[in-house]
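structure-v7.txt (compact mmCIF, C-alpha atoms and all ligand atoms) appears below.
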```txt
# COMPACT_ATOMS: atom_id res chain seq x y z
CA MET A 1 3.77 -19.14 41.76
CA GLY A 2 2.75 -16.53 39.20
CA LEU A 3 1.06 -13.18 39.73
CA LEU A 4 -1.86 -14.33 37.57
CA ASP A 5 -2.24 -17.99 38.56
CA GLY A 6 -5.82 -19.16 37.98
CA LYS A 7 -6.79 -15.95 36.15
CA LYS A 8 -8.39 -15.94 32.70
CA ALA A 9 -7.51 -13.46 29.96
CA LEU A 10 -9.38 -12.78 26.71
CA ILE A 11 -7.08 -11.19 24.12
CA LEU A 12 -8.30 -9.47 20.93
CA GLY A 13 -5.82 -8.21 18.33
CA VAL A 14 -3.15 -10.82 17.67
CA ALA A 15 -2.39 -10.87 13.92
CA ASN A 16 1.13 -12.35 14.11
CA ASP A 17 4.13 -12.61 16.43
CA HIS A 18 4.92 -8.90 15.93
CA SER A 19 1.53 -7.82 17.30
CA ILE A 20 1.44 -5.77 20.51
CA ALA A 21 -1.29 -8.17 21.71
CA TRP A 22 1.22 -11.02 21.34
CA GLY A 23 3.69 -9.21 23.64
CA VAL A 24 0.86 -8.84 26.16
CA ALA A 25 -0.11 -12.52 25.79
CA GLN A 26 3.46 -13.67 26.49
CA ALA A 27 3.76 -11.54 29.63
CA LEU A 28 0.40 -12.71 31.02
CA HIS A 29 1.26 -16.34 30.22
CA ARG A 30 4.61 -16.02 32.00
CA GLU A 31 2.75 -15.15 35.21
CA GLY A 32 0.40 -18.11 34.94
CA ALA A 33 -2.72 -16.68 33.25
CA GLU A 34 -4.95 -18.92 31.15
CA LEU A 35 -5.35 -17.32 27.70
CA GLY A 36 -8.15 -17.06 25.15
CA PHE A 37 -7.63 -15.45 21.73
CA THR A 38 -9.77 -14.08 18.94
CA TYR A 39 -8.86 -13.61 15.30
CA LEU A 40 -10.28 -11.59 12.43
CA GLY A 41 -11.18 -13.84 9.49
CA GLU A 42 -9.81 -17.14 8.20
CA ALA A 43 -6.60 -15.68 6.78
CA LEU A 44 -5.50 -14.63 10.26
CA GLU A 45 -6.81 -17.82 11.89
CA ARG A 46 -3.97 -19.70 10.18
CA ARG A 47 -1.47 -17.37 11.87
CA VAL A 48 -3.15 -16.97 15.26
CA ARG A 49 -4.05 -20.60 15.99
CA PRO A 50 -0.46 -21.95 16.14
CA LEU A 51 0.67 -18.96 18.23
CA ALA A 52 -2.26 -19.37 20.61
CA GLU A 53 -1.67 -23.12 20.91
CA SER A 54 2.01 -22.51 21.72
CA LEU A 55 0.82 -20.75 24.90
CA GLY A 56 -1.71 -23.49 25.65
CA ALA A 57 -4.75 -21.36 24.78
CA SER A 58 -8.04 -22.81 25.98
CA LEU A 59 -10.24 -20.73 23.68
CA ILE A 60 -9.62 -19.57 20.07
CA GLU A 61 -12.64 -17.90 18.48
CA PRO A 62 -13.37 -15.61 15.53
CA CYS A 63 -14.45 -12.03 16.29
CA ASP A 64 -14.95 -9.09 13.96
CA VAL A 65 -15.64 -6.27 16.41
CA SER A 66 -17.90 -4.51 13.89
CA SER A 67 -20.45 -7.33 14.38
CA ASP A 68 -22.66 -7.36 17.50
CA GLU A 69 -23.55 -10.95 16.60
CA GLN A 70 -19.91 -12.11 16.58
CA ILE A 71 -19.28 -10.29 19.86
CA ALA A 72 -22.34 -11.99 21.42
CA ASP A 73 -21.24 -15.42 20.13
CA LEU A 74 -17.75 -14.82 21.53
CA MET A 75 -19.05 -13.92 24.98
CA ALA A 76 -21.38 -16.94 24.99
CA ARG A 77 -18.35 -19.18 24.33
CA VAL A 78 -16.33 -17.42 27.05
CA ARG A 79 -19.21 -17.95 29.48
CA GLU A 80 -19.21 -21.70 28.68
CA VAL A 81 -15.46 -22.21 28.87
CA TYR A 82 -14.32 -19.67 31.52
CA GLY A 83 -17.44 -18.48 33.34
CA ARG A 84 -15.70 -15.15 33.88
CA ILE A 85 -13.06 -12.77 32.46
CA ASP A 86 -10.30 -11.51 34.75
CA MET A 87 -8.53 -9.61 31.97
CA LEU A 88 -9.97 -8.23 28.72
CA ILE A 89 -7.25 -7.06 26.32
CA HIS A 90 -8.40 -4.86 23.40
CA ALA A 91 -5.62 -4.28 20.84
CA VAL A 92 -7.67 -3.54 17.75
CA ALA A 93 -7.64 -0.58 15.37
CA PHE A 94 -8.55 0.07 11.75
CA ALA A 95 -8.88 2.99 9.35
CA ASN A 96 -8.84 3.07 5.56
CA ARG A 97 -5.22 3.08 4.48
CA ASP A 98 -5.78 6.00 2.06
CA GLU A 99 -6.91 8.16 4.99
CA LEU A 100 -3.65 7.53 6.89
CA ASN A 101 -1.63 9.82 4.64
CA GLY A 102 -1.92 13.38 3.40
CA PRO A 103 -4.32 15.92 4.85
CA PHE A 104 -6.81 15.02 7.59
CA LEU A 105 -9.27 17.17 5.63
CA LYS A 106 -9.78 14.45 3.03
CA THR A 107 -11.36 12.14 5.63
CA THR A 108 -14.70 10.85 4.34
CA ARG A 109 -17.86 10.42 6.40
CA GLN A 110 -17.70 6.67 5.85
CA GLY A 111 -13.98 6.51 6.68
CA PHE A 112 -14.50 8.52 9.87
CA LEU A 113 -17.35 6.29 11.03
CA LEU A 114 -15.39 3.12 10.19
CA ALA A 115 -12.28 4.22 12.12
CA LEU A 116 -14.31 5.22 15.16
CA GLU A 117 -16.45 2.09 15.06
CA ILE A 118 -13.56 -0.40 14.89
CA SER A 119 -10.97 1.52 16.92
CA ALA A 120 -13.08 3.20 19.63
CA TYR A 121 -16.69 1.98 19.93
CA SER A 122 -15.59 -1.67 19.89
CA LEU A 123 -14.19 -1.33 23.42
CA THR A 124 -17.57 -0.27 24.77
CA ALA A 125 -19.37 -2.92 22.71
CA LEU A 126 -17.13 -5.64 24.18
CA VAL A 127 -17.44 -4.43 27.76
CA LYS A 128 -21.21 -4.18 27.36
CA ALA A 129 -21.43 -7.74 26.00
CA ALA A 130 -19.04 -9.11 28.65
CA ASP A 131 -21.50 -7.82 31.28
CA ASN A 132 -21.32 -9.95 34.46
CA LEU A 133 -18.36 -11.97 33.12
CA LEU A 134 -16.31 -9.06 34.47
CA VAL A 135 -16.07 -9.56 38.24
CA PRO A 136 -14.60 -7.53 41.12
CA GLY A 137 -10.84 -7.35 40.51
CA SER A 138 -11.15 -7.74 36.72
CA SER A 139 -9.10 -5.45 34.50
CA VAL A 140 -9.91 -4.08 31.03
CA LEU A 141 -6.98 -2.79 28.94
CA THR A 142 -6.80 -1.10 25.54
CA MET A 143 -3.99 0.27 23.33
CA THR A 144 -3.75 3.89 22.29
CA TYR A 145 -1.27 6.29 20.68
CA HIS A 146 -0.19 9.89 21.35
CA GLY A 147 -1.76 11.03 18.06
CA SER A 148 -4.91 11.38 20.21
CA GLN A 149 -3.36 14.35 22.05
CA GLN A 150 -1.17 16.09 19.46
CA VAL A 151 -1.18 16.20 15.70
CA ILE A 152 1.10 13.53 14.26
CA PRO A 153 1.42 13.78 10.47
CA ASN A 154 -0.67 11.17 8.62
CA TYR A 155 -2.23 9.65 11.78
CA ASN A 156 -5.30 11.70 10.90
CA VAL A 157 -8.64 10.02 11.59
CA MET A 158 -6.91 7.46 13.82
CA GLY A 159 -5.94 10.34 16.12
CA VAL A 160 -9.60 11.29 16.42
CA ALA A 161 -10.52 7.65 17.05
CA LYS A 162 -7.86 7.30 19.77
CA ALA A 163 -9.12 10.50 21.46
CA ALA A 164 -12.58 8.88 21.56
CA LEU A 165 -11.06 5.63 22.83
CA GLU A 166 -9.21 7.38 25.69
CA ALA A 167 -12.36 9.26 26.70
CA SER A 168 -14.27 5.95 26.58
CA VAL A 169 -11.70 4.50 29.02
CA ARG A 170 -12.54 7.26 31.53
CA TYR A 171 -16.33 6.88 31.19
CA LEU A 172 -16.13 3.08 31.37
CA ALA A 173 -13.87 3.36 34.44
CA VAL A 174 -16.68 5.18 36.25
CA ASP A 175 -19.41 2.77 35.14
CA LEU A 176 -17.40 -0.37 35.95
CA GLY A 177 -15.72 1.07 39.03
CA GLN A 178 -18.80 0.44 41.12
CA ARG A 179 -18.37 -3.28 40.36
CA GLY A 180 -14.65 -3.20 41.24
CA VAL A 181 -13.58 -3.49 37.60
CA ARG A 182 -10.70 -1.29 36.37
CA VAL A 183 -10.31 0.14 32.84
CA ASN A 184 -7.01 1.54 31.52
CA ALA A 185 -5.05 2.23 28.34
CA ILE A 186 -1.40 1.91 27.36
CA SER A 187 -0.12 4.61 25.02
CA ALA A 188 2.75 2.91 23.19
CA GLY A 189 5.48 4.52 21.14
CA PRO A 190 5.83 3.34 17.52
CA VAL A 191 6.29 -0.44 17.16
CA ARG A 192 6.96 -2.22 13.82
CA THR A 193 3.78 -4.29 13.55
CA LEU A 194 1.48 -5.21 10.68
CA ALA A 195 -0.56 -2.08 11.50
CA ALA A 196 2.57 0.06 11.08
CA SER A 197 3.80 -1.54 7.86
CA GLY A 198 3.27 0.47 4.75
CA ILE A 199 2.52 3.65 6.72
CA ALA A 200 4.06 6.58 4.81
CA GLY A 201 7.18 7.79 6.63
CA PHE A 202 7.01 5.20 9.43
CA ARG A 203 10.68 4.16 9.08
CA ALA A 204 11.95 7.73 9.44
CA MET A 205 9.58 8.36 12.34
CA TYR A 206 10.70 5.16 14.09
CA ARG A 207 14.38 6.17 13.77
CA GLN A 208 13.84 9.78 14.95
CA PHE A 209 11.76 8.54 17.85
CA ALA A 210 14.75 6.65 19.32
CA GLU A 211 16.99 9.73 18.91
CA ARG A 212 14.53 12.00 20.72
CA ALA A 213 13.24 9.75 23.50
CA PRO A 214 14.82 10.27 26.94
CA LEU A 215 15.80 6.58 27.00
CA ARG A 216 17.29 6.92 23.44
CA ARG A 217 15.56 3.79 22.25
CA SER A 218 12.36 2.57 20.71
CA VAL A 219 9.68 0.45 22.35
CA THR A 220 9.26 -3.34 22.10
CA ILE A 221 6.22 -5.54 22.51
CA GLU A 222 7.95 -6.93 25.63
CA ASP A 223 7.98 -3.40 27.11
CA VAL A 224 4.26 -3.09 26.45
CA GLY A 225 3.60 -6.62 27.71
CA ASN A 226 5.26 -5.97 31.04
CA THR A 227 3.27 -2.77 31.65
CA ALA A 228 0.13 -4.64 30.62
CA LEU A 229 0.99 -7.27 33.22
CA TRP A 230 1.17 -4.55 35.88
CA LEU A 231 -2.16 -3.03 34.78
CA CYS A 232 -3.82 -6.48 34.74
CA SER A 233 -2.50 -7.60 38.12
CA ASP A 234 -3.39 -6.51 41.64
CA LEU A 235 -0.11 -4.53 41.71
CA SER A 236 -2.14 -1.69 40.10
CA SER A 237 -5.24 -2.22 42.28
CA ALA A 238 -6.07 1.51 42.67
CA VAL A 239 -5.26 2.55 39.07
CA THR A 240 -8.25 3.10 36.77
CA GLY A 241 -9.30 5.46 33.97
CA GLU A 242 -5.59 5.99 33.28
CA VAL A 243 -3.53 6.28 30.10
CA VAL A 244 -0.05 4.93 30.89
CA TYR A 245 2.69 5.91 28.42
CA VAL A 246 5.10 3.17 27.38
CA ASP A 247 7.16 5.36 25.07
CA ALA A 248 10.68 5.63 26.56
CA GLY A 249 9.60 9.11 27.78
CA HIS A 250 9.19 10.51 24.26
CA HIS A 251 5.99 12.50 24.84
CA HIS A 252 7.65 14.59 27.56
CA VAL A 253 10.24 16.05 25.19
CA GLY A 254 9.10 19.34 23.65
CA PHE A 255 11.81 20.08 21.12
CA ASN A 256 12.42 18.59 17.78
CA VAL A 257 16.13 17.64 17.51
CA ALA A 258 18.03 14.47 18.38
CA LEU A 259 18.95 14.68 22.07
CA ASP A 260 22.62 13.93 21.49
CA GLU A 261 23.03 16.51 18.69
CA ARG A 262 22.29 19.56 20.85
P1 LIG A 301 -1.50 -5.45 14.53
O1 LIG A 301 -1.78 -5.27 13.08
O2 LIG A 301 -0.63 -6.55 14.93
O3 LIG A 301 -2.86 -5.53 15.35
C1 LIG A 301 -4.04 -4.88 14.97
C2 LIG A 301 -5.14 -5.88 15.15
O4 LIG A 301 -6.42 -5.29 14.89
C3 LIG A 301 -5.01 -7.08 14.19
O5 LIG A 301 -4.90 -8.26 14.93
C4 LIG A 301 -6.31 -7.05 13.42
O6 LIG A 301 -6.79 -8.33 13.13
C5 LIG A 301 -7.21 -6.34 14.40
N1 LIG A 301 -8.43 -5.82 13.78
C6 LIG A 301 -8.57 -4.88 12.81
N2 LIG A 301 -9.86 -4.73 12.49
C7 LIG A 301 -10.57 -5.58 13.28
C8 LIG A 301 -11.95 -5.92 13.41
N3 LIG A 301 -12.88 -5.34 12.63
N4 LIG A 301 -12.31 -6.85 14.32
C9 LIG A 301 -11.37 -7.47 15.09
N5 LIG A 301 -10.06 -7.20 15.01
C10 LIG A 301 -9.67 -6.27 14.11
O7 LIG A 301 -0.89 -4.04 15.00
P2 LIG A 301 -0.56 -3.46 16.47
O8 LIG A 301 0.37 -2.35 16.21
O9 LIG A 301 -0.17 -4.56 17.36
O10 LIG A 301 -1.96 -2.84 16.93
C11 LIG A 301 -2.60 -3.17 18.15
C12 LIG A 301 -3.09 -1.92 18.84
O11 LIG A 301 -1.97 -1.15 19.27
C13 LIG A 301 -3.94 -1.00 17.98
O12 LIG A 301 -5.00 -0.46 18.78
C14 LIG A 301 -2.97 0.11 17.64
O13 LIG A 301 -3.64 1.31 17.37
C15 LIG A 301 -2.19 0.19 18.92
N6 LIG A 301 -0.91 0.89 18.85
C16 LIG A 301 0.03 0.53 17.91
C17 LIG A 301 1.25 1.20 17.87
C18 LIG A 301 2.31 0.86 16.84
O14 LIG A 301 3.19 1.68 16.59
N7 LIG A 301 2.28 -0.33 16.23
C19 LIG A 301 1.50 2.23 18.79
C20 LIG A 301 0.53 2.56 19.73
C21 LIG A 301 -0.66 1.89 19.75
O1 LIG A 302 -2.58 2.87 15.58
C1 LIG A 302 -1.69 2.70 14.78
C2 LIG A 302 -1.98 2.13 13.40
C3 LIG A 302 -3.42 1.77 13.21
C4 LIG A 302 -3.81 1.39 11.81
C5 LIG A 302 -2.93 0.94 10.84
C6 LIG A 302 -3.40 0.60 9.57
C7 LIG A 302 -2.48 0.17 8.46
C8 LIG A 302 -3.20 -0.71 7.47
C9 LIG A 302 -5.13 1.52 11.49
N1 LIG A 302 -5.61 1.20 10.27
C10 LIG A 302 -4.77 0.73 9.32
N2 LIG A 302 -5.29 0.41 8.09
C11 LIG A 302 -4.58 -0.23 7.15
O2 LIG A 302 -5.07 -0.50 6.04
N3 LIG A 302 -0.42 3.07 15.13
C12 LIG A 302 -0.23 3.78 16.39
C13 LIG A 302 0.78 2.87 14.28
C14 LIG A 302 0.97 4.11 13.48
O3 LIG A 302 0.21 4.34 12.39
C15 LIG A 302 0.58 5.60 11.90
C16 LIG A 302 1.55 6.15 12.73
C17 LIG A 302 1.81 5.20 13.74
C18 LIG A 302 2.76 5.34 14.89
C19 LIG A 302 0.08 6.28 10.82
C20 LIG A 302 0.62 7.55 10.52
C21 LIG A 302 1.58 8.11 11.34
C22 LIG A 302 2.07 7.42 12.45
```

Could you show the structure in this file as structure tokens?
Ligand code: NAD
Ligand code: 0WE
Amino acid sequence: MGLLDGKKALILGVANDHSIAWGVAQALHREGAELGFTYLGEALERRVRPLAESLGASLIEPCDVSSDEQIADLMARVREVYGRIDMLIHAVAFANRDELNGPFLKTTRQGFLLALEISAYSLTALVKAADNLLVPGSSVLTMTYHGSQQVIPNYNVMGVAKAALEASVRYLAVDLGQRGVRVNAISAGPVRTLAASGIAGFRAMYRQFAERAPLRRSVTIEDVGNTALWLCSDLSSAVTGEVVYVDAGHHHVGFNVALDER
């Protein structure tokens, strides 16, 4: 008997077994959910397919969220195979790498629009296309980061995109609330994923994070997966429009020294 027996989840954003979306997939699978995955391009298909199959995935489809056509094709497939979506997991972000270091001021018009299209608008595009596949009791979940609220060096245009994403969560929560569908975000502390690799200063930030967080540790994809499970299940039945921090308490600490070196 699992919390999610008979429920169907569509998961966007697995790139490899370090992905936050993979931690979410494992938690949902543990509680009996049936999983569908999407991948971006053929290079990632070779990584995602074996992972998806290891959890008995019943649907593995390509989806570049910048394409309305690919989103429509995806939802048509989901309609055929599942007939509904109980959980929609959005764990997708992208900005030009050269705009994720140095001053925010160097952000280009094209780079700004790209980051907001892939990292923020895509949630609304997916929800819009999912339409009546989302049923009373369904849950939509996205991934955000505290750089939306405070300036975090080098996060730059992604911080602006995450602010737009979090606001989208609140507006979508109102629109979908009348159909009994909930929409929430998890704000995760830094995790060593593909999206974090090669970010200037990430290693130092990751280390300092664990020294300054109330729990004196960093965050794992299992931590995020378990909170995702709560937000996707009926245990959180009156929670919507929310941003839930999974960051070992880090965002509550207002000073800038290691907690045990005071
Ligand atoms: P990841 O690289 O494993 O996942 C990012 C995913 O985005 C990849 O699967 C990639 O294929 C997908 N993607 C990029 N452009 C896309 C497009 N056009 N269409 C479809 N998919 C596309 O890294 P991650 O850290 O697991 O990132 C997942 C989410 O978690 C992102 O929204 C990220 O902002 C967020 N997040 C990450 C951290 C962290 O420290 N790693 C912290 C907080 C929030
Ligand atoms: O949301 C993210 C990362 C998102 C991301 C990562 C990349 C790297 C590769 C978006 N686009 C790209 N484009 C690429 O070409 N995080 C929350 C992780 C992250 O990224 C940072 C961070 C943290 C934390 C960037 C600067 C500072 C901190």

Residues within 6 Å of ligand LIG 302 (chain A), counting all atoms listed in the file: report them as a list of chain:residue names.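 Checked against 6 Å with all atoms listed in the file; the hits are A:Ala93, A:Phe94, A:Ala95, A:Asn96, A:Arg97, A:Leu100, A:Tyr145, A:Pro153, A:Asn154, A:Tyr155, A:Pro190, A:Ala195, A:Ala196, A:Ile199.
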
Would you kindly return, as a ChimeraX atom specification, each protein, DNA or RNA residue with an atom no farther than 8 Å from any atom of Met143 in chain A, considering only C-alpha atoms and excluding same-chain residues fewer than 4 positions away? /A:90-92,185-188

Determine, for each residue of chain A having at least one atom at most 8 Å from an atom of ligand LIG 301 (chain A), the closest pair of atoms and their separation in Å to one decimal, counting all atoms listed in the file; order by chain and ascending number, as a Markdown table.
```
| residue | atom | partner | partner_atom | distance |
| --- | --- | --- | --- | --- |
| A:Leu12 | CA | A:LIG301 | N5 | 6.6 |
| A:Gly13 | CA | A:LIG301 | O5 | 3.5 |
| A:Val14 | CA | A:LIG301 | O5 | 4.1 |
| A:Ala15 | CA | A:LIG301 | O5 | 3.8 |
| A:Asn16 | CA | A:LIG301 | O2 | 6.1 |
| A:Asp17 | CA | A:LIG301 | O2 | 7.9 |
| A:His18 | CA | A:LIG301 | O2 | 6.1 |
| A:Ser19 | CA | A:LIG301 | O2 | 3.4 |
| A:Ile20 | CA | A:LIG301 | O9 | 3.7 |
| A:Ala21 | CA | A:LIG301 | O9 | 5.8 |
| A:Trp22 | CA | A:LIG301 | O9 | 7.7 |
| A:Thr38 | CA | A:LIG301 | C9 | 7.8 |
| A:Tyr39 | CA | A:LIG301 | O6 | 6.1 |
| A:Leu40 | CA | A:LIG301 | O6 | 4.8 |
| A:Gly41 | CA | A:LIG301 | O6 | 7.9 |
| A:Leu44 | CA | A:LIG301 | O6 | 7.0 |
| A:Cys63 | CA | A:LIG301 | C9 | 5.6 |
| A:Asp64 | CA | A:LIG301 | N4 | 3.5 |
| A:Val65 | CA | A:LIG301 | N4 | 4.0 |
| A:Ser66 | CA | A:LIG301 | N3 | 5.2 |
| A:His90 | CA | A:LIG301 | O12 | 7.2 |
| A:Ala91 | CA | A:LIG301 | C12 | 4.0 |
| A:Val92 | CA | A:LIG301 | O4 | 3.6 |
| A:Ala93 | CA | A:LIG301 | O12 | 4.3 |
| A:Phe94 | CA | A:LIG301 | N2 | 5.0 |
| A:Ile118 | CA | A:LIG301 | N3 | 5.5 |
| A:Ser119 | CA | A:LIG301 | O12 | 6.6 |
| A:Thr142 | CA | A:LIG301 | O12 | 7.0 |
| A:Met143 | CA | A:LIG301 | O12 | 4.7 |
| A:Thr144 | CA | A:LIG301 | C21 | 4.5 |
| A:Tyr145 | CA | A:LIG301 | C20 | 4.2 |
| A:His146 | CA | A:LIG301 | C20 | 7.5 |
| A:Met158 | CA | A:LIG301 | O13 | 7.8 |
| A:Lys162 | CA | A:LIG301 | O13 | 7.7 |
| A:Ile186 | CA | A:LIG301 | C21 | 7.6 |
| A:Ser187 | CA | A:LIG301 | C20 | 5.7 |
| A:Ala188 | CA | A:LIG301 | C20 | 4.1 |
| A:Gly189 | CA | A:LIG301 | C19 | 5.2 |
| A:Pro190 | CA | A:LIG301 | O14 | 3.3 |
| A:Val191 | CA | A:LIG301 | O14 | 3.8 |
| A:Arg192 | CA | A:LIG301 | N7 | 5.6 |
| A:Thr193 | CA | A:LIG301 | O8 | 4.7 |
| A:Leu194 | CA | A:LIG301 | O1 | 4.0 |
| A:Ala195 | CA | A:LIG301 | O1 | 3.8 |
| A:Ala196 | CA | A:LIG301 | N7 | 5.2 |
```

Using all atoms listed in the file, which residues of range 13-120 of chain A come within 6 Å of range 216-233 of chain A, and what is the closest atom pair for each, with the distance in Å to one decimal? Give it as a Markdown table, sorted by chain and residue number.
```
| residue | atom | partner | partner_atom | distance |
| --- | --- | --- | --- | --- |
| A:Ile20 | CA | A:Ile221 | CA | 5.2 |
| A:Gly23 | CA | A:Ile221 | CA | 4.6 |
| A:Val24 | CA | A:Gly225 | CA | 3.9 |
| A:Ala27 | CA | A:Gly225 | CA | 5.3 |
| A:Leu28 | CA | A:Leu229 | CA | 5.9 |
```

Atoms to include: C-alpha atoms. Write the selected residues as a PDB file, keeping the file's coordinate frame.
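part-v6.pdb written:
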```
ATOM      1  CA  ILE A  20       1.440  -5.770  20.510  1.00  0.00           C
ATOM      2  CA  GLY A  23       3.690  -9.210  23.640  1.00  0.00           C
ATOM      3  CA  VAL A  24       0.860  -8.840  26.160  1.00  0.00           C
ATOM      4  CA  ALA A  27       3.760 -11.540  29.630  1.00  0.00           C
ATOM      5  CA  LEU A  28       0.400 -12.710  31.020  1.00  0.00           C
TER       6      LEU A  28
END
```

Length of the CA of Phe104 in chain A to CA of Val169 in chain A vector [Å]: 24.4 Å

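For the pair CA of Glu211 in chain A and CA of Val246 in chain A, the interatomic distance is 16.0 Å.
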
Selected residue of minimal separation from Arg182 in chain A among A:Leu123, A:Val135, A:Val257, A:Ala167, counting only C-alpha atoms: A:Val135

What does the structure give for the distance between CA of Arg77 in chain A and CA of Gly180 in chain A, in Å to one decimal?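 Straight-line distance from CA of Arg77 in chain A to CA of Gly180 in chain A works out to 23.6 Å.
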
Best match for closeness to Lys8 in chain A among A:Ser236, A:Ser139, A:Asn132, A:Ser168, counting only C-alpha atoms: A:Ser139

Excluding same-chain residues fewer than 4 positions from range 3-5 of chain A, what lies within 6 Å of it counting all atoms listed in the file, as a PyMOL selection string? chain A and resi 31-33

Padding 5 Å on each side, edges along x, y and z: where is the centre of the box around the listed atoms of range 159-166 of chain A, and how long are its edges in Å to one decimal? Output it as AutoDock Vina command-line options.
```
--center_x -9.3 --center_y 8.5 --center_z 20.9 --size_x 16.6 --size_y 15.7 --size_z 19.6
```

Closest of A:Ala213, A:Leu35, A:Ala129, A:Leu114 to Asp73 in chain A - atom-to-atom distances counting only C-alpha atoms: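 Ranked by minimum distance to Asp73 in chain A, first place goes to A:Ala129.
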
10 Å contact set for Arg79 in chain A, only C-alpha atoms, chain neighbours under 4 positions out, as a ChimeraX atom specification: /A:73-75,83-85,130,132-133

Exercise: Leu59 in chain A partners within 8 Å, all atoms listed in the file, chain neighbours under 2 positions left out, as a short mmCIF file (atom, residue, chain, number, x, y, z; two decimals) with C-alpha atoms, in the coordinates of the input:
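Generated output (result18.cif):
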```
data_model
loop_
_atom_site.label_atom_id
_atom_site.label_comp_id
_atom_site.auth_asym_id
_atom_site.auth_seq_id
_atom_site.Cartn_x
_atom_site.Cartn_y
_atom_site.Cartn_z
CA LEU A 35 -5.35 -17.32 27.70
CA GLY A 36 -8.15 -17.06 25.15
CA PHE A 37 -7.63 -15.45 21.73
CA ALA A 57 -4.75 -21.36 24.78
CA GLU A 61 -12.64 -17.90 18.48
CA VAL A 78 -16.33 -17.42 27.05
CA VAL A 81 -15.46 -22.21 28.87
#
```

Using only C-alpha atoms, the shortest atom-to-atom distance to Met205 in chain A among A:Ile71, A:Ile152, A:Leu126, A:Arg46 belongs to A:Ile152
